[in-house]
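Here the structure comes first, spelled out in structure tokens, and everything after it is commentary.
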Amino acid sequence: MPVSSTIGRRIVKVIAWLLAAIVILIIALVIFILTFDWNRARPYIDDKVTQAIGRPFAIDGDLKVGWRHPVGEIGWRGWLPWPRFSAANITIGNPEWTTQPHFATLDEIDFEVKVLPLLAHDIVIPSINLVNPSVDLERLLDGRNNWTFKLPSSSGPSEWRLDLHDIAFARGNVALSDQQKKVELQMAIDTLGQPIPIGEAMKQQEAASRSASAQALGKAGAGKLSAQANAQANAQANAQAASEAASEAAEASAAAASGAASTDVHASGVGGTTTAPAGKREIPLYAIAWTVKGTYNKTPVSGSGKVGGVLALQDANRPFPVQADVKAADLHVALVGTITDPAHLAALDLRLWLQGASMARLYSLTGVTLPETPPYATDGHLIGQFKSSGNVFKYDNFTGRVGGSDLNGSLTYTAREPRPLLQGELVSHQLQFADLAPVIGADSKASKAKRGDTTAQPSDRVLPVEEFRTDRWKAIDADVKFTGRRIIKNSNLPITDLYTHVVLTDGVLSLEPLKFGVAGGSLASDIRLDGSAAPLKGRFSTSARHLKLKQLFPNFKTMQNALGEINGDAALTATGNSPAALAATSNGELKALVTQGTISRLLMEAAGLNVANVVYEKLFDERDVNINCAAAHFVATDGVLEARVFALDTDDAVINIDGHVNLRDETIDLGVHPHTKGFRVFSLRSPLYAKGTFKNPRVGVNAAALALRGGAVIGLGLINPFAALIPLLAPSNNQPLPCAQLLAQVRQAPKAPPPGVRQQPKAALSLDGVPVNKSAGGAPSSAGANGKPAVISPASAAQYKGS
């Protein structure tokens, strides 16, 4: 027993001494921590961190370690203090090639560490507080950047795990200088005083974007865009409500059949969920505000926005909220929505607004090639999917205004090699014809100045000289369909609608077809512009079908009783980088035929200057005459359109037109020669002319021929008063056009040489009775057919129309 008690006392003493040693050690450790000058450890810490990150690291301010009671802990854990670390004036160096000395600077950092998790090799930090962080990011043309750190390789996974709950900071700055992307930006960031839900940010941005639309389009245009957007939103809401009702009905039916007691209905909004009951995801909140200023591709950029909290980036399944309102020159971009897994950019779900002076300016910022347009504004839903096979972005069901026209549809952008692809279908319910002018550079000087074009259109020219930007055509491929359902235009233009299919492949632009509804018929063209090399090479194939005469001239009273139709075809090739240059180098053929119909006799008699009949019909009647046929065959050679056959046959007259139209200098030189059928009294019939330029044409009577006839009247009147009537008598030449033969000739498809090859001279048509014109390589006409007119049969006309 004495031995046992002695051993027991010794064990108690040992335990007591051990406890005393532990207490003394803890007290000594606490005293050491509280009294030790941790600044002595800075060289050691600087050296270890420098080795770890491969960059110079330094703590130039005080390094402190303290103890604090934890906030929020209960029970005995609340009595266990946590160490709190702080360091001031921290710098991280840059590689030698950078322009800035530091990659990052920080006025102060402080954080606490939970003690107990350290036993399990878990470093749990409830919060890190950063004071005035500043980061300078740089990348050179060769791809070197300063944000990639060369960390030492590890032989295996670390036993320690970091668990960071929150990051707080007061003010911060980020600078980016990227020579590859041509970006120079300065960004200031700060925390919001109170988190903002995504719904509130959506309302604020919608109001701001509509105000910006008013600046681009005017108040009237912005009001129409707002009405379009509201109508589409209501339609989508009704469709969604109907879909949800149908879904609920189906679920209720299934629940009734299975005896289920309840169903669970989910609701979502743009970019994420809208409610957060039990079991549902929470509403995304904005926590950080930012502003930016600088240049992108030499374009001034400024803007502001908001994003979610920093730690929200850690959850790949939580939608991360973003909001931005940015201006780049005259382009205004605004968005509100969410990004899924921002660290790896898995998906986008954004409401997107765009405003600008011309869609062509999007190229410098996005790389997307679009045509020149009037000022525009759009409102739509941008959905993005980031995939290894190629990122896909869809601007879905957007509404917009372009000038005075509405624009609706969806566009899909697919990032692929060797060029991205833009696909979609666009519709304009009311298209202002004037809004199409900027596409070919035919808009006014004021419109050009507004969209930033500096090309001066010569005052004496009509054809646009503004060059196509073929250098952009190789940046992207496109497959887009556009429909203009109703065209608003000048009353003199008989155009009603438009459809085109735009295909752009490796610098070759095709419109297959470009189709207009014209005068009750159609004017369809297949256009191919090869911009892969200079100069641009163009091919044009056009067909006119069922164009009604009276609708072609809606404001010409003498044409309102006309019943005929015009059908025709053209094939042209050309080279040049502008519409004017293409016209000036065009080669090929144009053919047209007017099938049986009627036309105002007054118009025909006026063309022949039959004075007595014009006066009579003006006072008493406007009878109509039948058109047997009218044919036109022009050959284009190096931009000069020469009339090989241009004639009109009616019951009363045959009218022949000769001469040429020069597209190089935009001049007209045509002669009109009437040949009367039947006997006319008091006729001052004389050749007419159409001369001048496209901008200032002149139409009149051949004064020399008319003076010669007037002189004959005076001369014969001196001999015999009755003999003076002889020059006013117009006997019939009775030489009708062989319409059936003309139909066969015109129905032959026109031909054009390859682009850049001169049109070879062709012999003029040698049809009996046709007043064929002189031309290079051809012979003068030799009219001389007798007998009745060869009227086109309805079957033959129908055959042409159906071709």
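Letters A, B, ... go to the chains of the structure tokens in the order shown; residues in each chain start at 1; ligands are counted from 1 in the same order.
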
(request) From the DSSP assignment of the backbone, select every residue of stretch 279-512 of chain A that is helix (DSSP H, G or I), and format the answer as JSON, numbers by chain. (result) {"A": [310, 311, 312, 313, 314, 359, 360, 361, 362, 363, 364, 365, 366, 433, 434, 435, 436, 437, 438, 439, 440, 445, 446, 447, 448, 449, 450, 470, 471, 472, 473, 474, 475]}

Could you dump the residues just selected with N, CA and C atoms as a short mmCIF file (atom, residue, chain, number, x, y, z; two decimals), in the first residue's frame?
data_model
loop_
_atom_site.label_atom_id
_atom_site.label_comp_id
_atom_site.auth_asym_id
_atom_site.auth_seq_id
_atom_site.Cartn_x
_atom_site.Cartn_y
_atom_site.Cartn_z
N VAL A 310 -17.68 39.01 -54.39
CA VAL A 310 -16.52 38.26 -54.86
C VAL A 310 -16.66 36.77 -54.58
N LEU A 311 -17.15 36.43 -53.42
CA LEU A 311 -17.23 35.01 -53.06
C LEU A 311 -18.30 34.27 -53.83
N ALA A 312 -19.24 35.02 -54.46
CA ALA A 312 -20.23 34.36 -55.29
C ALA A 312 -19.59 33.69 -56.50
N LEU A 313 -18.36 34.11 -56.83
CA LEU A 313 -17.65 33.50 -57.94
C LEU A 313 -17.26 32.05 -57.65
N GLN A 314 -17.21 31.69 -56.37
CA GLN A 314 -16.75 30.35 -56.01
C GLN A 314 -17.79 29.28 -56.31
N MET A 359 -24.81 50.53 -87.65
CA MET A 359 -24.45 49.19 -87.23
C MET A 359 -23.06 48.80 -87.72
N ALA A 360 -22.57 49.45 -88.77
CA ALA A 360 -21.23 49.13 -89.27
C ALA A 360 -20.17 49.39 -88.22
N ARG A 361 -20.42 50.31 -87.28
CA ARG A 361 -19.41 50.65 -86.27
C ARG A 361 -19.25 49.56 -85.22
N LEU A 362 -20.13 48.58 -85.20
CA LEU A 362 -19.96 47.47 -84.27
C LEU A 362 -18.74 46.62 -84.63
N TYR A 363 -18.26 46.78 -85.86
CA TYR A 363 -17.13 45.95 -86.31
C TYR A 363 -15.89 46.18 -85.46
N SER A 364 -15.56 47.45 -85.19
CA SER A 364 -14.33 47.75 -84.47
C SER A 364 -14.36 47.23 -83.04
N LEU A 365 -15.55 47.01 -82.48
CA LEU A 365 -15.66 46.56 -81.10
C LEU A 365 -15.94 45.06 -80.98
N THR A 366 -16.65 44.49 -81.97
CA THR A 366 -17.07 43.10 -81.87
C THR A 366 -16.48 42.20 -82.94
N PHE A 433 -38.06 52.99 -97.14
CA PHE A 433 -37.15 52.74 -98.25
C PHE A 433 -35.88 53.58 -98.14
N ALA A 434 -36.01 54.78 -97.60
CA ALA A 434 -34.83 55.65 -97.44
C ALA A 434 -33.80 55.06 -96.49
N ASP A 435 -34.22 54.16 -95.58
CA ASP A 435 -33.28 53.57 -94.64
C ASP A 435 -32.35 52.56 -95.30
N LEU A 436 -32.66 52.16 -96.54
CA LEU A 436 -31.78 51.25 -97.27
C LEU A 436 -30.65 51.98 -97.97
N ALA A 437 -30.78 53.31 -98.12
CA ALA A 437 -29.78 54.08 -98.87
C ALA A 437 -28.36 53.96 -98.30
N PRO A 438 -28.15 54.01 -96.96
CA PRO A 438 -26.77 53.93 -96.45
C PRO A 438 -26.06 52.62 -96.79
N VAL A 439 -26.82 51.56 -97.09
CA VAL A 439 -26.20 50.27 -97.39
C VAL A 439 -25.29 50.39 -98.61
N ILE A 440 -25.69 51.22 -99.60
CA ILE A 440 -24.88 51.40 -100.80
C ILE A 440 -24.30 52.80 -100.88
N LYS A 445 -25.90 63.83 -97.46
CA LYS A 445 -24.68 64.27 -96.79
C LYS A 445 -24.87 64.34 -95.28
N ALA A 446 -26.05 64.81 -94.86
CA ALA A 446 -26.32 64.90 -93.42
C ALA A 446 -26.33 63.52 -92.79
N SER A 447 -26.93 62.55 -93.48
CA SER A 447 -26.96 61.18 -92.96
C SER A 447 -25.56 60.60 -92.89
N LYS A 448 -24.75 60.84 -93.92
CA LYS A 448 -23.37 60.33 -93.92
C LYS A 448 -22.56 60.94 -92.78
N ALA A 449 -22.75 62.23 -92.57
CA ALA A 449 -22.01 62.90 -91.49
C ALA A 449 -22.41 62.33 -90.14
N LYS A 450 -23.68 61.99 -89.98
CA LYS A 450 -24.16 61.47 -88.70
C LYS A 450 -23.59 60.10 -88.40
N THR A 470 -14.53 45.96 -98.21
CA THR A 470 -14.30 44.54 -98.46
C THR A 470 -13.27 43.95 -97.52
N ASP A 471 -12.43 44.80 -96.89
CA ASP A 471 -11.45 44.28 -95.94
C ASP A 471 -12.13 43.62 -94.75
N ARG A 472 -13.38 43.98 -94.49
CA ARG A 472 -14.11 43.39 -93.36
C ARG A 472 -14.85 42.11 -93.73
N TRP A 473 -15.00 41.87 -95.03
CA TRP A 473 -15.80 40.73 -95.43
C TRP A 473 -15.16 39.39 -95.08
N LYS A 474 -13.83 39.38 -94.94
CA LYS A 474 -13.16 38.12 -94.61
C LYS A 474 -13.13 37.84 -93.11
N ALA A 475 -13.64 38.80 -92.32
CA ALA A 475 -13.59 38.63 -90.87
C ALA A 475 -14.67 37.68 -90.36
#

(message) Based on the backbone DSSP call, show me all residues of stretch 367-430 of chain A assigned strand (DSSP E or B), as number ranges by chain.
(response) A: 376-385, 392-402, 405-414, 421-428

Which neighbours of A:Lys224 fall inside 12 Å, counting only C-alpha atoms, when residues of the same chain fewer than 5 positions from it are skipped, and could you give them as a PDB file with C-alpha atoms, in the first residue's frame?
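Dumped to result-v4.pdb:
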ATOM      1  CA  ARG A 210     -34.920  54.088 -73.215  1.00  0.00           C
ATOM      2  CA  SER A 213     -32.681  55.348 -77.393  1.00  0.00           C
ATOM      3  CA  ALA A 214     -34.404  58.730 -77.482  1.00  0.00           C
ATOM      4  CA  LEU A 217     -33.669  57.875 -82.588  1.00  0.00           C
ATOM      5  CA  GLY A 218     -35.523  60.894 -81.265  1.00  0.00           C
ATOM      6  CA  LYS A 219     -38.472  60.776 -78.880  1.00  0.00           C
ATOM      7  CA  ALA A 229     -40.734  45.946 -76.740  1.00  0.00           C
ATOM      8  CA  ASN A 230     -43.816  46.120 -74.509  1.00  0.00           C
ATOM      9  CA  ALA A 231     -45.956  44.343 -77.099  1.00  0.00           C
ATOM     10  CA  ALA A 377     -31.547  51.059 -81.135  1.00  0.00           C
ATOM     11  CA  THR A 378     -32.352  47.467 -80.124  1.00  0.00           C
ATOM     12  CA  THR A 399     -36.902  44.370 -81.231  1.00  0.00           C
ATOM     13  CA  GLY A 400     -35.341  47.451 -82.742  1.00  0.00           C
ATOM     14  CA  ARG A 401     -35.620  50.620 -84.769  1.00  0.00           C
ATOM     15  CA  VAL A 402     -33.253  51.478 -87.621  1.00  0.00           C
ATOM     16  CA  GLY A 403     -33.920  54.997 -88.794  1.00  0.00           C
ATOM     17  CA  GLY A 404     -37.668  55.094 -89.309  1.00  0.00           C
ATOM     18  CA  SER A 405     -38.035  51.329 -89.736  1.00  0.00           C
ATOM     19  CA  ASP A 406     -38.756  48.581 -87.245  1.00  0.00           C
ATOM     20  CA  LEU A 407     -36.463  45.549 -87.036  1.00  0.00           C
ATOM     21  CA  GLN A 430     -42.763  48.727 -91.923  1.00  0.00           C
TER      22      GLN A 430
END

Counting only C-alpha atoms, what are the residues of stretch 452-486 of chain A within 7 Å of stretch 493-507 of chain A, and for each of them which pair of atoms is the nearest and at what distance in Å, to one decimal? Sort the table by chain and rising number, as CSV.
residue,atom,partner,partner_atom,distance
A:Trp473,CA,A:Gly507,CA,4.6
A:Lys474,CA,A:Gly507,CA,4.4
A:Asp477,CA,A:Thr505,CA,4.9
A:Ala478,CA,A:Leu504,CA,4.7
A:Asp479,CA,A:Val503,CA,4.6
A:Val480,CA,A:Val502,CA,5.2
A:Lys481,CA,A:His501,CA,4.4
A:Phe482,CA,A:Thr500,CA,5.4
A:Thr483,CA,A:Tyr499,CA,4.5
A:Gly484,CA,A:Leu498,CA,4.7
A:Arg485,CA,A:Asp497,CA,5.2
A:Arg486,CA,A:Asp497,CA,5.1

(request) Find the residues around A:Glu108 up to 8 Å (only C-alpha atoms counted), leave out those fewer than 2 positions away in its own chain, and share them as a ChimeraX atom specification. (result) /A:86-90,106,110,130-132

(message) What's around A:Ala52 at 8 Å? Count only C-alpha atoms, leave out sequence neighbours fewer than 3 positions away in its own chain, and write the answer as a ChimeraX atom specification.
(response) /A:48-49,151-152

(request) Excluding A:Thr50 and any residue of its chain fewer than 5 positions from it, enumerate the residues within 12 Å of it, using only C-alpha atoms, and give them as number ranges by chain. (result) A: 42-45, 55-59, 91-94, 149-152

(message) Taking 3 positions as the minimum chain separation for residues in the same chain, which residues sit within 6 Å of A:Val183 when counting only C-alpha atoms? Answer as a PyMOL selection string.
(response) chain A and resi 177-178+295-296

Can those selected residues be exported to a file as a tab-separated table (two decimals), in the first residue's frame so that it contains N, CA and C atoms?
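File produced: selection.tsv:
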chain	number	residue	atom	x	y	z
A	177	SER	N	-3.60	47.13	-69.69
A	177	SER	CA	-2.95	47.55	-70.92
A	177	SER	C	-2.68	46.30	-71.74
A	178	ASP	N	-3.51	46.09	-72.76
A	178	ASP	CA	-3.44	44.87	-73.56
A	178	ASP	C	-3.14	45.25	-75.01
A	295	THR	N	-9.64	53.41	-73.61
A	295	THR	CA	-9.83	53.22	-75.04
A	295	THR	C	-9.85	51.73	-75.36
A	296	TYR	N	-10.61	51.39	-76.40
A	296	TYR	CA	-10.63	50.03	-76.93
A	296	TYR	C	-10.50	50.15	-78.45

(message) Report, in Å to a single decimal, how far apart atom CA of A:Gln228 and atom CA of A:Thr369 are.
(response) 25.9 Å

(message) Could you tell me how far atom CA of A:Leu688 sits from atom CA of A:His673, in Å to one decimal place?
(response) 6.7 Å

(message) I'd like the interatomic distance between atom CA of A:Thr291 and atom CA of A:Gly305, to a tenth of an Å.
(response)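 We find that atom CA of A:Thr291 and atom CA of A:Gly305 lie 6.5 Å from each other.
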
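Here the question is which of A:Thr148, A:Gln551, A:Ser226, A:Thr105 gets nearest to A:Ala212 using only C-alpha atoms, and that residue is A:Ser226.
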